[in-house]
Structures are given as structure tokens and as C-alpha cells.
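A.B. asks: Data file protein-v6.txt (compact mmCIF, C-alpha atoms) is appended below.
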# COMPACT_ATOMS: atom_id res chain seq x y z
CA MET L 1 25.72 110.83 17.36
CA GLU L 2 24.91 108.23 20.00
CA ASP L 3 23.78 105.85 17.23
CA LYS L 4 27.38 104.81 16.55
CA TYR L 5 27.74 103.30 20.10
CA ILE L 6 26.72 99.70 20.66
CA THR L 7 26.20 97.71 23.84
CA VAL L 8 28.53 95.00 25.16
CA SER L 9 25.87 92.41 24.50
CA GLN L 10 25.67 93.54 20.85
CA LEU L 11 29.43 93.28 20.51
CA ASN L 12 29.61 89.82 22.03
CA ARG L 13 26.70 88.68 19.87
CA TYR L 14 28.50 89.97 16.78
CA LEU L 15 31.73 88.21 17.73
CA LYS L 16 29.83 84.98 18.37
CA PHE L 17 28.24 85.31 14.93
CA LYS L 18 31.70 85.75 13.38
CA PHE L 19 33.09 82.74 15.22
CA ASP L 20 30.12 80.60 14.25
CA GLN L 21 30.44 81.60 10.58
CA ASP L 22 34.14 80.68 10.41
CA THR L 23 34.32 77.14 8.98
CA ASN L 24 37.85 76.70 10.37
CA LEU L 25 36.48 77.12 13.90
CA ASN L 26 33.42 74.90 13.46
CA HIS L 27 35.39 71.65 13.55
CA VAL L 28 38.62 71.92 15.55
CA PHE L 29 40.94 69.09 16.60
CA LEU L 30 42.75 70.10 19.79
CA LYS L 31 45.06 68.34 22.25
CA GLY L 32 46.36 69.45 25.60
CA GLU L 33 46.23 68.88 29.35
CA ILE L 34 43.08 69.11 31.50
CA SER L 35 43.20 71.66 34.30
CA ASN L 36 40.72 73.19 36.74
CA TYR L 37 38.27 70.35 36.06
CA LYS L 38 34.72 70.62 37.49
CA ALA L 39 31.76 68.29 36.96
CA HIS L 40 28.34 69.98 37.27
CA THR L 41 25.51 68.22 39.07
CA ARG L 42 23.52 68.25 35.79
CA GLY L 43 26.27 66.23 34.09
CA HIS L 44 28.00 69.06 32.17
CA LEU L 45 31.81 69.22 32.34
CA TYR L 46 33.75 72.48 32.67
CA PHE L 47 37.55 72.54 32.43
CA THR L 48 40.57 74.17 30.84
CA ILE L 49 42.78 72.72 28.11
CA LYS L 50 46.36 73.95 28.26
CA ASP L 51 49.85 73.44 26.93
CA GLU L 52 53.19 74.87 28.06
CA SER L 53 52.26 78.51 27.37
CA SER L 54 48.53 78.88 26.63
CA ARG L 55 45.11 77.73 27.71
CA ILE L 56 41.51 77.76 26.58
CA ASN L 57 38.27 77.24 28.48
CA ALA L 58 36.23 74.19 27.51
CA VAL L 59 32.71 72.88 28.13
CA MET L 60 31.26 69.48 27.32
CA PHE L 61 27.51 69.14 27.72
CA TYR L 62 25.87 66.08 29.24
CA SER L 63 24.67 64.69 25.88
CA GLN L 64 28.30 64.28 24.76
CA ALA L 65 29.89 63.73 28.23
CA SER L 66 27.64 60.71 28.93
CA LYS L 67 29.33 58.87 26.04
CA LEU L 68 32.83 59.05 27.62
CA ASN L 69 34.42 55.74 28.65
CA PHE L 70 36.73 57.36 31.23
CA ILE L 71 36.50 59.94 34.00
CA PRO L 72 38.44 63.15 33.20
CA GLU L 73 40.71 64.59 35.89
CA ASP L 74 43.29 67.34 36.33
CA GLY L 75 46.65 66.58 34.75
CA MET L 76 45.21 64.18 32.17
CA LYS L 77 46.28 64.71 28.55
CA VAL L 78 43.39 64.53 26.11
CA MET L 79 42.54 64.96 22.44
CA VAL L 80 39.24 66.73 21.78
CA THR L 81 37.07 67.54 18.82
CA GLY L 82 34.68 70.50 18.93
CA ARG L 83 33.81 74.00 17.81
CA ILE L 84 35.08 77.38 18.95
CA SER L 85 32.50 79.98 19.88
CA VAL L 86 31.96 83.00 22.14
CA TYR L 87 30.09 82.78 25.44
CA GLU L 88 28.12 86.01 25.21
CA THR L 89 27.68 86.50 28.98
CA THR L 90 31.42 86.83 29.66
CA GLY L 91 32.65 87.68 26.19
CA GLY L 92 35.20 84.89 26.40
CA TYR L 93 35.70 82.36 23.67
CA GLN L 94 35.80 78.65 24.46
CA ILE L 95 35.69 75.27 22.84
CA TYR L 96 32.48 73.30 22.96
CA VAL L 97 33.78 69.72 23.11
CA GLU L 98 31.86 67.09 21.16
CA GLU L 99 34.31 64.20 21.48
CA MET L 100 37.22 63.53 23.85
CA GLN L 101 39.74 60.74 24.28
CA GLN L 102 42.75 60.21 26.53
CA ASP L 103 46.23 61.11 25.35
CA GLY L 104 48.31 59.89 28.33
CA ILE L 105 48.93 61.61 31.69
CA GLY L 106 50.02 65.23 31.85
CA ASN L 107 53.63 66.22 32.46
CA LEU L 108 52.79 68.05 35.69
CA TYR L 109 51.08 64.97 37.07
CA ILE L 110 54.09 62.82 36.17
CA GLU L 111 56.42 65.22 37.97
CA TYR L 112 54.08 65.27 40.95
CA GLU L 113 53.99 61.47 41.27
CA LYS L 114 57.75 61.18 40.82
CA LEU L 115 58.50 63.73 43.58
CA LYS L 116 55.84 62.20 45.84
CA LYS L 117 57.44 58.73 45.62
CA LYS L 118 60.92 60.16 46.20
CA LEU L 119 60.01 62.14 49.33
CA GLN L 120 57.88 59.30 50.69
CA ALA L 121 60.86 56.93 50.37
CA GLU L 122 62.99 59.43 52.33
CA GLY L 123 60.46 59.46 55.18
CA LEU L 124 59.17 63.03 54.79
CA PHE L 125 55.59 61.77 55.04
CA ASP L 126 56.19 59.48 58.03
CA PRO L 127 53.34 59.94 60.56
CA SER L 128 55.67 59.16 63.48
CA ARG L 129 57.67 62.39 62.96
CA LYS L 130 54.65 64.69 62.75
CA LYS L 131 54.45 67.21 65.60
CA ARG L 132 51.38 67.63 67.80
CA ILE L 133 49.28 70.75 67.22
CA PRO L 134 48.94 72.70 70.54
CA ARG L 135 45.38 72.91 71.81
CA PHE L 136 45.59 76.50 73.06
CA PRO L 137 48.14 78.39 70.90
CA GLU L 138 49.28 81.84 72.01
CA THR L 139 50.93 82.92 68.73
CA ILE L 140 50.22 81.68 65.19
CA GLY L 141 52.29 82.47 62.12
CA ILE L 142 50.64 82.66 58.69
CA ILE L 143 52.44 82.34 55.36
CA THR L 144 50.18 83.41 52.49
CA ALA L 145 49.47 86.33 50.21
CA PRO L 146 48.93 89.58 52.17
CA THR L 147 45.74 90.27 50.19
CA GLY L 148 42.94 88.01 49.11
CA ALA L 149 40.32 85.78 50.63
CA ALA L 150 42.72 83.31 52.31
CA ILE L 151 44.27 85.70 54.85
CA LYS L 152 40.90 87.34 55.53
CA ASP L 153 39.25 83.98 56.18
CA ILE L 154 42.07 82.83 58.47
CA LEU L 155 42.19 86.03 60.54
CA SER L 156 38.42 86.39 60.85
CA THR L 157 38.04 82.73 61.86
CA ILE L 158 40.75 82.94 64.52
CA LYS L 159 39.33 86.20 65.89
CA ARG L 160 35.84 84.73 66.05
CA ARG L 161 36.82 81.40 67.60
CA TRP L 162 39.75 82.32 69.92
CA PRO L 163 40.40 86.10 69.94
CA ILE L 164 43.22 85.99 72.54
CA THR L 165 45.56 84.32 70.03
CA LYS L 166 48.20 86.60 68.48
CA THR L 167 48.83 86.27 64.70
CA ILE L 168 51.92 87.20 62.68
CA LEU L 169 51.72 87.41 58.88
CA PHE L 170 54.74 86.40 56.79
CA PRO L 171 53.60 87.70 53.37
CA SER L 172 54.58 85.65 50.33
CA LEU L 173 53.69 85.00 46.74
CA VAL L 174 51.61 81.83 46.48
CA GLN L 175 51.44 81.52 42.71
CA GLY L 176 53.93 81.69 39.88
CA ALA L 177 57.61 80.85 39.35
CA SER L 178 58.87 83.07 42.20
CA ALA L 179 56.40 81.73 44.76
CA ALA L 180 58.28 78.59 45.88
CA PRO L 181 61.60 80.33 46.80
CA GLU L 182 59.68 83.07 48.64
CA ILE L 183 57.65 80.50 50.60
CA VAL L 184 60.89 78.70 51.58
CA SER L 185 62.40 81.99 52.75
CA GLN L 186 59.36 82.86 54.86
CA ILE L 187 59.29 79.37 56.45
CA GLN L 188 62.91 79.82 57.50
CA LYS L 189 62.16 83.30 58.81
CA ALA L 190 59.12 82.10 60.78
CA SER L 191 61.27 79.37 62.37
CA GLU L 192 63.18 82.09 64.22
CA TYR L 193 60.02 83.33 65.96
CA ASN L 194 58.48 81.87 69.11
CA LEU L 195 55.40 80.48 67.34
CA ASP L 196 53.07 77.74 68.50
CA ILE L 197 51.65 76.96 65.05
CA LEU L 198 52.54 77.92 61.47
CA ILE L 199 49.79 77.98 58.80
CA VAL L 200 51.04 77.79 55.19
CA GLY L 201 48.66 78.00 52.26
CA ARG L 202 46.38 79.92 49.93
CA GLY L 203 42.88 79.82 48.45
CA GLY L 204 41.74 77.45 45.74
CA GLY L 205 42.83 77.41 42.10
CA SER L 206 43.93 75.23 39.23
CA ILE L 207 46.75 72.73 39.51
CA GLU L 208 49.07 75.30 37.91
CA ASP L 209 48.07 77.93 40.48
CA LEU L 210 48.83 75.52 43.32
CA TRP L 211 52.02 74.10 41.82
CA CYS L 212 54.38 76.00 44.13
CA PHE L 213 53.10 73.78 46.96
CA ASN L 214 54.38 70.76 45.00
CA ASP L 215 57.92 72.17 44.97
CA GLU L 216 60.65 69.97 46.50
CA ASN L 217 62.38 72.86 48.30
CA VAL L 218 59.09 73.90 49.90
CA ALA L 219 58.53 70.31 51.03
CA ARG L 220 61.99 70.06 52.64
CA ALA L 221 61.61 73.46 54.33
CA LEU L 222 58.31 72.30 55.86
CA TYR L 223 59.94 69.04 57.00
CA GLU L 224 62.82 70.87 58.72
CA CYS L 225 60.59 73.52 60.32
CA PRO L 226 60.65 73.14 64.15
CA ILE L 227 57.15 74.62 64.46
CA PRO L 228 54.00 72.46 64.01
CA VAL L 229 52.76 73.22 60.49
CA ILE L 230 49.19 73.18 59.15
CA SER L 231 48.92 73.01 55.36
CA ALA L 232 46.01 75.19 54.19
CA VAL L 233 45.97 74.94 50.40
CA GLY L 234 42.40 75.52 49.24
CA HIS L 235 41.58 72.34 47.38
CA GLU L 236 39.38 69.87 49.22
CA ILE L 237 39.72 66.86 46.88
CA ASP L 238 43.35 66.75 45.69
CA PHE L 239 46.49 66.76 47.83
CA THR L 240 49.69 68.72 47.24
CA ILE L 241 53.14 67.57 48.38
CA ALA L 242 52.94 70.20 51.15
CA ASP L 243 49.84 68.45 52.50
CA PHE L 244 51.74 65.17 52.91
CA VAL L 245 54.76 66.81 54.62
CA ALA L 246 52.85 69.13 56.97
CA ASP L 247 51.99 67.98 60.48
CA LEU L 248 48.29 68.53 59.74
CA ARG L 249 46.38 69.06 56.49
CA ALA L 250 43.37 71.37 56.23
CA PRO L 251 41.11 71.35 53.14
CA THR L 252 40.79 75.18 53.13
CA PRO L 253 42.37 78.20 54.85
CA THR L 254 39.22 78.55 56.96
CA GLY L 255 39.52 74.90 57.92
CA ALA L 256 43.15 75.48 58.96
CA ALA L 257 42.13 78.31 61.28
CA GLU L 258 39.41 76.11 62.80
CA MET L 259 41.96 73.34 63.40
CA ALA L 260 44.50 75.75 64.88
CA VAL L 261 42.35 77.28 67.62
CA PRO L 262 39.48 76.04 69.77
CA ASN L 263 36.01 77.51 69.55
CA GLN L 264 35.50 79.77 72.56
CA THR L 265 31.76 79.04 72.60
CA ASP L 266 32.38 75.28 72.67
CA PHE L 267 35.11 75.81 75.25
CA TYR L 268 32.84 77.85 77.51
CA ASN L 269 30.15 75.20 77.17
CA TYR L 270 32.73 72.57 78.04
CA LEU L 271 33.84 74.56 81.11
CA ASN L 272 30.22 74.91 82.19
CA GLN L 273 29.72 71.16 81.84
CA VAL L 274 32.92 70.52 83.81
CA ASN L 275 31.79 72.99 86.46
CA LEU L 276 28.41 71.26 86.74
CA ARG L 277 30.04 67.83 87.00
CA LEU L 278 32.54 69.16 89.53
CA ASN L 279 29.83 70.71 91.70
CA LYS L 280 27.77 67.53 91.50
CA SER L 281 30.80 65.43 92.43
CA MET L 282 31.73 67.75 95.30
CA ASN L 283 28.16 67.78 96.66
CA GLN L 284 28.04 64.02 96.44
CA LYS L 285 31.38 63.75 98.25
CA ILE L 286 30.23 66.19 100.93
CA GLN L 287 27.03 64.20 101.42
CA GLU L 288 28.98 60.95 101.71
CA ASN L 289 31.31 62.49 104.28
CA LYS L 290 28.33 63.88 106.21
CA GLU L 291 26.89 60.35 106.38
CA LYS L 292 30.25 59.01 107.58
CA LEU L 293 30.47 61.77 110.21
CA LYS L 294 26.94 61.04 111.37
CA THR L 295 27.78 57.35 111.68
CA LEU L 296 30.89 58.17 113.69
CA GLN L 297 29.00 60.56 115.94
CA ASN L 298 26.46 57.86 116.74
CA SER L 299 29.10 55.18 117.31
CA TYR L 300 29.41 53.56 120.73
CA ILE L 301 33.11 54.45 121.01
CA LEU L 302 32.61 58.19 120.64
CA LYS L 303 29.67 58.18 123.02
CA ASN L 304 31.66 56.16 125.57
CA PRO L 305 35.29 57.29 125.08
CA ILE L 306 36.35 55.75 128.43
CA SER L 307 35.64 52.34 126.93
CA ILE L 308 38.54 52.86 124.54
CA TYR L 309 40.87 53.30 127.52
CA GLU L 310 39.40 50.31 129.35
CA ILE L 311 39.82 48.05 126.34
CA LYS L 312 43.38 49.24 125.82
CA GLU L 313 44.15 48.88 129.53
CA GLN L 314 42.88 45.32 129.56
CA LYS L 315 44.86 44.50 126.46
CA PHE L 316 47.94 46.07 128.04
CA ASP L 317 47.50 43.92 131.16
CA THR L 318 47.23 40.81 129.06
CA ILE L 319 50.30 41.72 127.06
CA TYR L 320 52.21 42.67 130.21
CA GLU L 321 51.36 39.35 131.90
CA LYS L 322 52.50 37.44 128.85
CA PHE L 323 55.67 39.50 128.78
CA ARG L 324 56.34 38.88 132.46
CA LEU L 325 55.84 35.11 132.11
CA VAL L 326 58.10 35.03 129.11
CA MET L 327 60.77 37.07 130.92
CA ASP L 328 60.54 34.84 134.02
CA SER L 329 60.88 31.79 131.86
CA LEU L 330 63.82 33.26 130.04
CA LEU L 331 65.51 34.33 133.30
CA LYS L 332 64.92 30.93 134.86
CA GLU L 333 66.39 29.22 131.85
CA GLU L 334 69.33 31.61 131.79
CA ARG L 335 69.91 31.10 135.55
CA HIS L 336 69.85 27.32 135.09
CA GLN L 337 72.30 27.56 132.25
CA PHE L 338 74.47 29.88 134.32
CA ASP L 339 74.51 27.42 137.26
CA LEU L 340 75.48 24.62 134.93
CA LYS L 341 78.29 26.69 133.53
CA ILE L 342 79.50 27.64 137.09
CA GLU L 343 79.38 24.02 138.17
CA LYS L 344 81.26 22.93 135.09
CA MET L 345 83.79 25.72 135.57
CA ASN L 346 84.34 24.78 139.29
CA LEU L 347 84.88 21.17 138.30
CA SER L 348 87.37 22.22 135.67
CA ILE L 349 89.17 24.51 138.17
CA ASN L 350 89.35 21.74 140.80
CA GLN L 351 90.72 19.36 138.22
CA ILE L 352 93.32 21.90 137.21
CA ILE L 353 94.22 22.61 140.86
CA GLU L 354 94.51 18.91 141.64
CA LYS L 355 96.64 18.33 138.61
CA ASN L 356 98.91 21.26 139.44
CA LYS L 357 99.07 20.18 143.12
CA ASN L 358 100.51 16.84 142.11
CA LYS L 359 103.00 18.55 139.88
CA TYR L 360 103.89 20.85 142.75
CA LEU L 361 104.57 17.93 145.12
CA ILE L 362 106.75 16.26 142.53
CA PHE L 363 108.70 19.45 142.00
CA LEU L 364 108.93 19.96 145.76
CA ASN L 365 110.37 16.50 146.25
CA LYS L 366 112.90 17.18 143.58
CA LEU L 367 113.82 20.45 145.23
CA GLU L 368 114.15 18.72 148.61
CA ILE L 369 116.55 16.27 147.10
CA LEU L 370 118.61 19.04 145.65
CA ASN L 371 118.37 21.28 148.72
CA PRO L 372 121.98 21.85 150.03
CA LEU L 373 120.70 22.28 153.55
CA LEU L 374 119.66 18.65 153.66
CA THR L 375 123.12 17.74 152.53
CA ILE L 376 124.59 19.73 155.40
CA LYS L 377 122.26 18.00 157.85
CA ARG L 378 123.70 14.69 156.81
CA GLY L 379 127.20 15.84 157.96
CA TYR L 380 128.43 17.59 154.92
CA THR L 381 129.67 21.22 154.73
CA ILE L 382 129.77 23.88 152.07
CA THR L 383 133.06 25.67 151.49
CA ARG L 384 133.15 29.06 149.84
CA LYS L 385 135.90 31.36 148.73
CA ASN L 386 134.90 34.88 147.96
CA GLU L 387 131.22 33.79 148.10
CA LYS L 388 131.85 31.13 145.49
CA VAL L 389 131.35 27.42 146.30
CA ILE L 390 134.61 25.42 146.18
CA THR L 391 134.21 21.99 144.59
CA SER L 392 137.91 21.16 144.05
CA ILE L 393 141.26 21.76 145.79
CA LYS L 394 142.47 23.01 142.50
CA ASN L 395 140.63 26.23 143.26
CA LEU L 396 142.55 26.71 146.54
CA LYS L 397 146.11 27.51 147.62
CA LYS L 398 147.90 28.01 150.83
CA GLU L 399 146.92 31.08 152.87
CA ASP L 400 143.53 31.42 151.08
CA GLN L 401 140.65 32.65 153.27
CA ILE L 402 137.65 30.35 153.15
CA THR L 403 134.22 30.04 154.83
CA VAL L 404 132.86 26.68 155.93
CA GLU L 405 129.07 26.49 156.30
CA LEU L 406 127.58 24.03 158.79
CA THR L 407 123.96 23.36 159.76
CA ASP L 408 124.11 25.73 162.70
CA GLY L 409 126.72 28.35 161.59
CA LYS L 410 129.79 29.35 159.61
CA ILE L 411 133.58 29.01 160.24
CA ASP L 412 136.16 31.33 158.77
CA ALA L 413 139.52 29.61 158.20
CA THR L 414 142.93 30.01 156.56
CA ILE L 415 144.46 27.27 154.39
CA ASN L 416 147.71 26.00 155.92
CA ASN L 417 148.13 22.85 154.01
CA ILE L 418 146.50 21.16 151.00
CA LEU L 419 146.49 17.39 150.72
CA LYS L 420 145.59 15.64 147.54
CA ILE L 421 143.65 12.35 147.68
Mind converting the file's structure to C-alpha cells?
C.D. replies:
Amino acid sequence: MEDKYITVSQLNRYLKFKFDQDTNLNHVFLKGEISNYKAHTRGHLYFTIKDESSRINAVMFYSQASKLNFIPEDGMKVMVTGRISVYETTGGYQIYVEEMQQDGIGNLYIEYEKLKKKLQAEGLFDPSRKKRIPRFPETIGIITAPTGAAIKDILSTIKRRWPITKTILFPSLVQGASAAPEIVSQIQKASEYNLDILIVGRGGGSIEDLWCFNDENVARALYECPIPVISAVGHEIDFTIADFVADLRAPTPTGAAEMAVPNQTDFYNYLNQVNLRLNKSMNQKIQENKEKLKTLQNSYILKNPISIYEIKEQKFDTIYEKFRLVMDSLLKEERHQFDLKIEKMNLSINQIIEKNKNKYLIFLNKLEILNPLLTIKRGYTITRKNEKVITSIKNLKKEDQITVELTDGKIDATINNILKI
């Protein structure tokens, strides 16, 4: 009964035989877009040919590949001629390419270049706006698939290099149509956390697998993120749009983790080197200061401290003598100037007194002339009525009481008669 069961190898060999016997599959003309291109060191080419909804693996051996007049690359549209057969080891069918020629650039590549030029013109790639990656991060956020090699590589690398760093995973799809919106949502969510660094990426894959990292919304979310971002898309040769926008680009997720945290072994070695240099510098400084102290201890001044006082005392005497001579000179000059001013002031006062004395004599003479007593001495009298001087008979009448003043006394009299002249 077991005779009816065959091995996998027998089945694959049978299918290969069927493929090879089909004349329609022995000479196929196929066109599509190159993806997941790899050139082997022996000269063989391995890639995928795809259209909008399907793909097929392809191989072109060195004997045919050496005749190409161009270098194939991902995104390139080509037209190939070859045969379809089964690769027995994997059981997968593929096209063995015999001839290949270019058929323009792939649609994905055109979209990529168009978006790249647009965002570059807007300044999203400007190096001047890129944020500095902290040297010793305390908390790192990671946006990637929760399972797979990428998250394992990142976490294991961080733990090995700098285990004190805390990590927070923001799980997201990183492939397919729903990946880009989910990545944008997780970037916005991570922005609300107190993170030092944000790693965004995934492991390697074809250009289609990585296409969500060429999405415009993802690029703008990375640009607006306040946290320093490391792009960790696993493709060492080609760049995605996210690589250009991010503050730092890593070729692989492991590389991103190495860029995000220092290596504790290297850091400890660095600290040891610093410690050695510091000790050497301190010992050298101590030795220099010991030599200075020894020089000071052997100096004449410290051995003969009284000499400091004697020198200062002598200097003080010299300064004091100069000060005294200067003060004497100044006082002498001031005294001389003071005497000159006193002499000048006395002269001015004497001149003023003499001038005023002359004025006084003139005024005195005038007063003497006007003095009524002198008039009386010359034989005149002064007549008053009610203490008022009478200068005319018009001011008098009969029976008025008057007083006549002479040089040696007064006479009271009564008017009996008034004669007019």
C-alpha cells in the first residue's frame, strides 16, 4: 500500500519534466518590472519580474548575463525571453532568462522620484533642520512589527550595548496597503511620550515590501515629529523617502540600535582612559606644585621674614619723605598765594575806604552848609508854631503862640501885631 506514495523530490522532478515538455513554456516572451534584484558573485542574476498583481521569480546565468549592455536594477521595466521550468529544490517555478532588454523605468520608481523631488523642494530633507541624536538616551521608542527579526535585533543590540536604556514598542504593520496609515498613527502617538529617540523601520525586503516607507504621509509625520528619528529600513544600498526625512539613517535595524546607544564596553574603556589621563595630569600638577613649594621654602624672603618688613619700612620712609616735601611745597605755595590775596584785598579795602572818606567829607560839607544851627549862629532864628517851622507870615495871626529858637535857648511869645514887608 505504501507503493502509491511518492517523495517530494519525485513530485518536483515530475513537474519539472512536464514543464520542460510543454512547448508553450520553452520559449516565453515576458515583460514586467524588476524587483528584489540581486547579483551573485559568480555573475548570475536573481530577481523577480512583476506587474500590478502578480510576480514570478527569474534567474539569468552568467553566460547570458555577460551579454547585457545595461545594469539591471529594482524598478526597471524589462522585456525578457526565456523558458519556464521548476526548481526542484524549492518546488517553485521560475523563468530562466536567456535575453533581456530595457522597457523604460517602472511606475513605482517614477512615483518615488516624483515624490522625492517634491519633498526636497519643500525642505523636508534640509540638513539644517535635522535634530541631534542624544548620546546617552534614557528612553527609546520603536515603531516596527511586534514580531520578526527587526524588533529582536533592535532590542538585543540595545540590551547588549547599553542595558540601562528603557524601550517602548509602538507595534505597527510595516508592509502592505494598511501599513502607511498605521505608521503615521504610531508616530503621532509616540510624539506624546517623553522619548529621547524614536526608531522607525523594519527588516529587508523587495521595493514593494518597503513601499510604505516611501509614502508621503509617513514622510510628513516624520518631519513634524518633535523626537529625533532614526530610520531603520533594512536595505543597505537603496534609500527610501523616510531615510531622507529622518534625522539619521541606519542601513539596518541593528545599525539603528548601534547608532542610538553607546557601547558600554567602549564607554568603560573610555572612562578608564580618562581616569588614567586625569590621574597622570593630577600627579603632574601635584609634582609641579611641590617643586614650587620647595622653591618658596628655600627662598630668602621666607627664611628671613624680617627683611620683608625692613624693605617695606624703608620704602615707607622714602614715600613719606617725598610726601612731606610735596606737602611743604604745596603749603608754602598756598601760603604765598594767600599772602598775595590778603595784600591785594587790603589794598582794595584801603582804596575803597579812601574813596568813601572823600565822599563822606563832601557830604559832610554839604550837611554843614544846610545845618540850621549854623544859620542861627549867624544871627538868624527859627520860629515854630505847634512844632512846625514858620516860613511866612501867612501862616500866623494875632494871638498865635510861637517859639523862637536862638543859639543858646528858646523864647515863647504871643503875636500882637503882624507887619507885612
A.B. asks: Skipping near chain neighbours, those fewer than 6 positions away, what residues fall within 10 Å of L:Glu399 using only C-alpha atoms, listed as a PyMOL selection string?
C.D. replies: chain L and resi 413-417
A.B. asks: Between L:Leu25, L:Ile71, L:Ile183, L:Ile142, which residue has the minimum interatomic distance to L:Lys38, considering only C-alpha atoms?
C.D. replies: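 Selected residue with least distance to L:Lys38: L:Ile71.
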A.B. asks: Please provide as a ChimeraX atom specification all residues within 12 Å of stretch 107-114 of chain L, with the sequence filter that same-chain residues fewer than 3 positions apart are discarded (counting only C-alpha atoms).
C.D. replies: /L:32-35,50-52,73-77,103-104,117-121,206-216,238-242
A.B. asks: Compile a residue-level contact table for stretch 254-369 of chain L against stretch 184-203 of chain L at a cut-off of 12 Å, reporting for every qualifying residue the shortest atom pair and its distance in Å to one decimal, with only C-alpha atoms counted, rows ordered by chain and ascending number, as JSON lines.
C.D. replies:
{"residue": "L:Thr254", "atom": "CA", "partner": "L:Gly203", "partner_atom": "CA", "distance": 9.4}
{"residue": "L:Gly255", "atom": "CA", "partner": "L:Ile199", "partner_atom": "CA", "distance": 10.8}
{"residue": "L:Ala256", "atom": "CA", "partner": "L:Ile199", "partner_atom": "CA", "distance": 7.1}
{"residue": "L:Ala257", "atom": "CA", "partner": "L:Ile199", "partner_atom": "CA", "distance": 8.1}
{"residue": "L:Glu258", "atom": "CA", "partner": "L:Ile199", "partner_atom": "CA", "distance": 11.3}
{"residue": "L:Met259", "atom": "CA", "partner": "L:Ile199", "partner_atom": "CA", "distance": 10.2}
{"residue": "L:Ala260", "atom": "CA", "partner": "L:Ile197", "partner_atom": "CA", "distance": 7.3}
{"residue": "L:Val261", "atom": "CA", "partner": "L:Ile197", "partner_atom": "CA", "distance": 9.7}
A.B. asks: Identify which of the residues L:Ile56, L:Ile84, L:Gln401, L:Asn269 lies closest to L:Lys18, counting only C-alpha atoms when measuring atom-to-atom distances.
C.D. replies: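 Once distances to L:Lys18 are computed over only C-alpha atoms, the minimum belongs to L:Ile84.
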A.B. asks: Of the candidates L:Leu124, L:Met60, L:Met79, L:Ile151, which shows the shortest atom-to-atom distance to L:Asp247, using all atoms listed in the file?
C.D. replies: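 The shortest atom-to-atom distance to L:Asp247 comes from L:Leu124.
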A.B. asks: Excluding L:Asp400 and residues on its chain fewer than 3 positions from it, collect all residues at most 12 Å away from it, counting all atoms listed in the file, and give them as a CSV table (one decimal) with C-alpha atoms, keeping the file's coordinate frame.
C.D. replies:
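Heads up, here's the output in result01.csv:
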chain,number,residue,atom,x,y,z
L,383,THR,CA,133.1,25.7,151.5
L,384,ARG,CA,133.2,29.1,149.8
L,385,LYS,CA,135.9,31.4,148.7
L,386,ASN,CA,134.9,34.9,148.0
L,390,ILE,CA,134.6,25.4,146.2
L,393,ILE,CA,141.3,21.8,145.8
L,395,ASN,CA,140.6,26.2,143.3
L,396,LEU,CA,142.6,26.7,146.5
L,397,LYS,CA,146.1,27.5,147.6
L,403,THR,CA,134.2,30.0,154.8
L,412,ASP,CA,136.2,31.3,158.8
L,413,ALA,CA,139.5,29.6,158.2
L,414,THR,CA,142.9,30.0,156.6
L,415,ILE,CA,144.5,27.3,154.4
L,416,ASN,CA,147.7,26.0,155.9
L,417,ASN,CA,148.1,22.8,154.0
L,418,ILE,CA,146.5,21.2,151.0
A.B. asks: What is the distance between atom CA of L:Thr147 and atom CA of L:Gly91, in Å to one decimal?
C.D. replies: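 Separation of atom CA of L:Thr147 and atom CA of L:Gly91: 27.5 Å.
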A.B. asks: Record the distance separating atom CA of L:Thr252 and atom CA of L:Glu122, expressed in Å with one decimal.
C.D. replies: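 Spanning atom CA of L:Thr252 to atom CA of L:Glu122 is a straight-line distance of 27.2 Å.
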A.B. asks: Interatomic distance between atom CA of L:Ile49 and atom CA of L:Lys31?
C.D. replies: 7.7 Å
A.B. asks: Show me, as a VMD selection string, the residues that have an atom within 10 Å of L:Leu15 when counting only C-alpha atoms, minus same-chain residues fewer than 3 positions from it.
C.D. replies: chain L and resid 9 to 12 18 to 21 85 to 88 91 to 93
A.B. asks: Would you give me, as a Markdown table, each residue of stretch 157-178 of chain L having an atom within 10 Å of an atom of stretch 133-138 of chain L, along with its shortest atom pair and that distance in Å to one decimal, using all atoms listed in the file and sorting by chain and residue number?
C.D. replies:
| residue | atom | partner | partner_atom | distance |
| --- | --- | --- | --- | --- |
| L:Trp162 | CA | L:Phe136 | CA | 8.8 |
| L:Ile164 | CA | L:Glu138 | CA | 7.4 |
| L:Thr165 | CA | L:Glu138 | CA | 4.9 |
| L:Lys166 | CA | L:Glu138 | CA | 6.0 |
| L:Thr167 | CA | L:Glu138 | CA | 8.6 |
